[in-house]
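Undergrad: Supplied in structure tokens, the structure appears directly below.
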Amino acid sequence: MQNDNALIQQLKNKDERALSVLYDKYSGAIYGVIIKMIRDEGKAQNILQDTFMTVWDKAESYDVDKGRFYTWVYRIAKNKTLNVLRKTDPLIQTDDFSVHINKEDAISIDAEYLELNGAVKKLEDHHKEAIELVYFKGLTHREAHKEMDVPLGTFKSYVRQALKQVRETYTKTLSLILLILNAL
């Protein structure tokens, strides 16, 4: 942390080398957070670059006494990612309209997706909402429990119970499919 403090001070003084070192140190972890939320490599790379441009522009607003540097960068990245996810009308086509080359791969992926999706849909509404907030919208447990307006412990138990139910349902469905395929 002592080394980070010196680098952060250099960053505040607009030292490009300090930005480069901090980027090398933190970009992997920050990219991991972004890609989990957005699930699109191109967008994730753009958000990562935009995040570190903001770090460069707003470095003087970082306060060591208010939290770790990583947490500050994480919040910038998360907010930028959420903004991209909330934007509903893209001005440029970003969807891939290409045709699958190997139809068998597409069928197996679709089948796995449908099985997992079916397992999630069988959950009670509060369990389904807990899973969606954490795994599909990228919220932390603290953010999601406030969104659902339930105590944190209750929210965590919803997630645990939901994952247990999905695992059981998905495993049973997968076992049944494998049994049928082996019979053929």
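Chain labels A, B, ... are given in the sequence in which chains occur in the structure tokens; within each chain residues are numbered consecutively from 1, and ligands are likewise numbered from 1 in the order shown.
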Pick out the residues sitting within 9 Å of Trp72 in chain A, and hand them over as a ChimeraX atom specification; count only C-alpha atoms, and ignore anything fewer than 5 positions along from it in its own chain.
TA: /A:55,62-63,67,77
Undergrad: Could you please determine the separation between CA of Phe136 in chain A and CA of Tyr158 in chain A in Å, to one decimal place?
TA: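 Computing it gives 15.4 Å between the two atoms.
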Undergrad: Find the residues around Ile76 in chain A up to 10 Å (only C-alpha atoms counted), leave out those fewer than 2 positions away in its own chain, and share them as a ChimeraX atom specification.
TA: /A:30,47-48,50-52,54-55,70-74,78-81
Undergrad: Go ahead and save the residues from that selection, with N, CA, C and O atoms, as a PDB file, in the first residue's frame.
TA:
```pdb
ATOM      1  N   ILE A  30     -10.053  -5.561 -12.364  1.00  0.00           N
ATOM      2  CA  ILE A  30     -11.162  -4.688 -12.776  1.00  0.00           C
ATOM      3  C   ILE A  30     -11.827  -5.247 -14.037  1.00  0.00           C
ATOM      4  O   ILE A  30     -13.056  -5.265 -14.140  1.00  0.00           O
ATOM      5  N   ILE A  47     -14.967  -0.373 -21.740  1.00  0.00           N
ATOM      6  CA  ILE A  47     -15.278   0.128 -20.399  1.00  0.00           C
ATOM      7  C   ILE A  47     -14.018   0.188 -19.550  1.00  0.00           C
ATOM      8  O   ILE A  47     -13.816   1.146 -18.798  1.00  0.00           O
ATOM      9  N   LEU A  48     -13.149  -0.821 -19.680  1.00  0.00           N
ATOM     10  CA  LEU A  48     -11.887  -0.814 -18.926  1.00  0.00           C
ATOM     11  C   LEU A  48     -11.044   0.400 -19.317  1.00  0.00           C
ATOM     12  O   LEU A  48     -10.524   1.118 -18.451  1.00  0.00           O
ATOM     13  N   ASP A  50     -12.115   3.190 -20.674  1.00  0.00           N
ATOM     14  CA  ASP A  50     -12.836   4.373 -20.208  1.00  0.00           C
ATOM     15  C   ASP A  50     -12.664   4.567 -18.701  1.00  0.00           C
ATOM     16  O   ASP A  50     -12.523   5.695 -18.216  1.00  0.00           O
ATOM     17  N   THR A  51     -12.637   3.463 -17.973  1.00  0.00           N
ATOM     18  CA  THR A  51     -12.441   3.527 -16.517  1.00  0.00           C
ATOM     19  C   THR A  51     -11.096   4.160 -16.192  1.00  0.00           C
ATOM     20  O   THR A  51     -11.009   5.067 -15.355  1.00  0.00           O
ATOM     21  N   PHE A  52     -10.038   3.697 -16.867  1.00  0.00           N
ATOM     22  CA  PHE A  52      -8.714   4.231 -16.552  1.00  0.00           C
ATOM     23  C   PHE A  52      -8.508   5.642 -17.113  1.00  0.00           C
ATOM     24  O   PHE A  52      -7.701   6.402 -16.579  1.00  0.00           O
ATOM     25  N   THR A  54     -10.932   7.803 -16.861  1.00  0.00           N
ATOM     26  CA  THR A  54     -11.562   8.543 -15.763  1.00  0.00           C
ATOM     27  C   THR A  54     -10.623   8.608 -14.571  1.00  0.00           C
ATOM     28  O   THR A  54     -10.530   9.645 -13.898  1.00  0.00           O
ATOM     29  N   VAL A  55      -9.920   7.517 -14.291  1.00  0.00           N
ATOM     30  CA  VAL A  55      -8.935   7.518 -13.198  1.00  0.00           C
ATOM     31  C   VAL A  55      -7.895   8.607 -13.469  1.00  0.00           C
ATOM     32  O   VAL A  55      -7.527   9.363 -12.564  1.00  0.00           O
ATOM     33  N   TYR A  70      -8.087   0.448  -5.108  1.00  0.00           N
ATOM     34  CA  TYR A  70      -8.807  -0.568  -5.877  1.00  0.00           C
ATOM     35  C   TYR A  70     -10.319  -0.354  -5.768  1.00  0.00           C
ATOM     36  O   TYR A  70     -11.034  -0.438  -6.762  1.00  0.00           O
ATOM     37  N   THR A  71     -10.797  -0.085  -4.567  1.00  0.00           N
ATOM     38  CA  THR A  71     -12.236   0.114  -4.355  1.00  0.00           C
ATOM     39  C   THR A  71     -12.731   1.314  -5.137  1.00  0.00           C
ATOM     40  O   THR A  71     -13.821   1.283  -5.743  1.00  0.00           O
ATOM     41  N   TRP A  72     -11.954   2.363  -5.185  1.00  0.00           N
ATOM     42  CA  TRP A  72     -12.311   3.575  -5.933  1.00  0.00           C
ATOM     43  C   TRP A  72     -12.419   3.260  -7.433  1.00  0.00           C
ATOM     44  O   TRP A  72     -13.390   3.617  -8.086  1.00  0.00           O
ATOM     45  N   VAL A  73     -11.418   2.558  -7.959  1.00  0.00           N
ATOM     46  CA  VAL A  73     -11.415   2.196  -9.375  1.00  0.00           C
ATOM     47  C   VAL A  73     -12.559   1.223  -9.663  1.00  0.00           C
ATOM     48  O   VAL A  73     -13.246   1.333 -10.680  1.00  0.00           O
ATOM     49  N   TYR A  74     -12.787   0.278  -8.750  1.00  0.00           N
ATOM     50  CA  TYR A  74     -13.875  -0.691  -8.890  1.00  0.00           C
ATOM     51  C   TYR A  74     -15.218   0.020  -9.023  1.00  0.00           C
ATOM     52  O   TYR A  74     -16.032  -0.318  -9.878  1.00  0.00           O
ATOM     53  N   LYS A  78     -17.667  -0.191 -12.161  1.00  0.00           N
ATOM     54  CA  LYS A  78     -19.016  -0.730 -11.969  1.00  0.00           C
ATOM     55  C   LYS A  78     -20.072   0.265 -12.452  1.00  0.00           C
ATOM     56  O   LYS A  78     -21.022  -0.115 -13.148  1.00  0.00           O
ATOM     57  N   ASN A  79     -19.907   1.534 -12.102  1.00  0.00           N
ATOM     58  CA  ASN A  79     -20.871   2.550 -12.534  1.00  0.00           C
ATOM     59  C   ASN A  79     -20.892   2.684 -14.053  1.00  0.00           C
ATOM     60  O   ASN A  79     -21.960   2.803 -14.665  1.00  0.00           O
ATOM     61  N   LYS A  80     -19.721   2.654 -14.672  1.00  0.00           N
ATOM     62  CA  LYS A  80     -19.655   2.751 -16.133  1.00  0.00           C
ATOM     63  C   LYS A  80     -20.320   1.534 -16.784  1.00  0.00           C
ATOM     64  O   LYS A  80     -21.030   1.664 -17.776  1.00  0.00           O
ATOM     65  N   THR A  81     -20.096   0.364 -16.210  1.00  0.00           N
ATOM     66  CA  THR A  81     -20.702  -0.855 -16.746  1.00  0.00           C
ATOM     67  C   THR A  81     -22.218  -0.812 -16.610  1.00  0.00           C
ATOM     68  O   THR A  81     -22.947  -1.137 -17.550  1.00  0.00           O
TER      69      THR A  81
END
```
Undergrad: Select, from A:Lys36, A:His127, A:Arg17, A:Arg68, the residue with the minimum atom-to-atom distance to Gln161 in chain A, counting only C-alpha atoms.
TA: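 Among the listed residues, the smallest separation from Gln161 in chain A belongs to A:His127.
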Undergrad: Separation of CA of Thr169 in chain A and CA of Ile131 in chain A, in Å?
TA: 15.0 Å
Undergrad: Could you tell me which of A:Val21, A:Asp65, A:Leu133, A:Glu16 comes closest to Asp4 in chain A if we count only C-alpha atoms?
TA: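 The shortest atom-to-atom distance to Asp4 in chain A comes from A:Val21.
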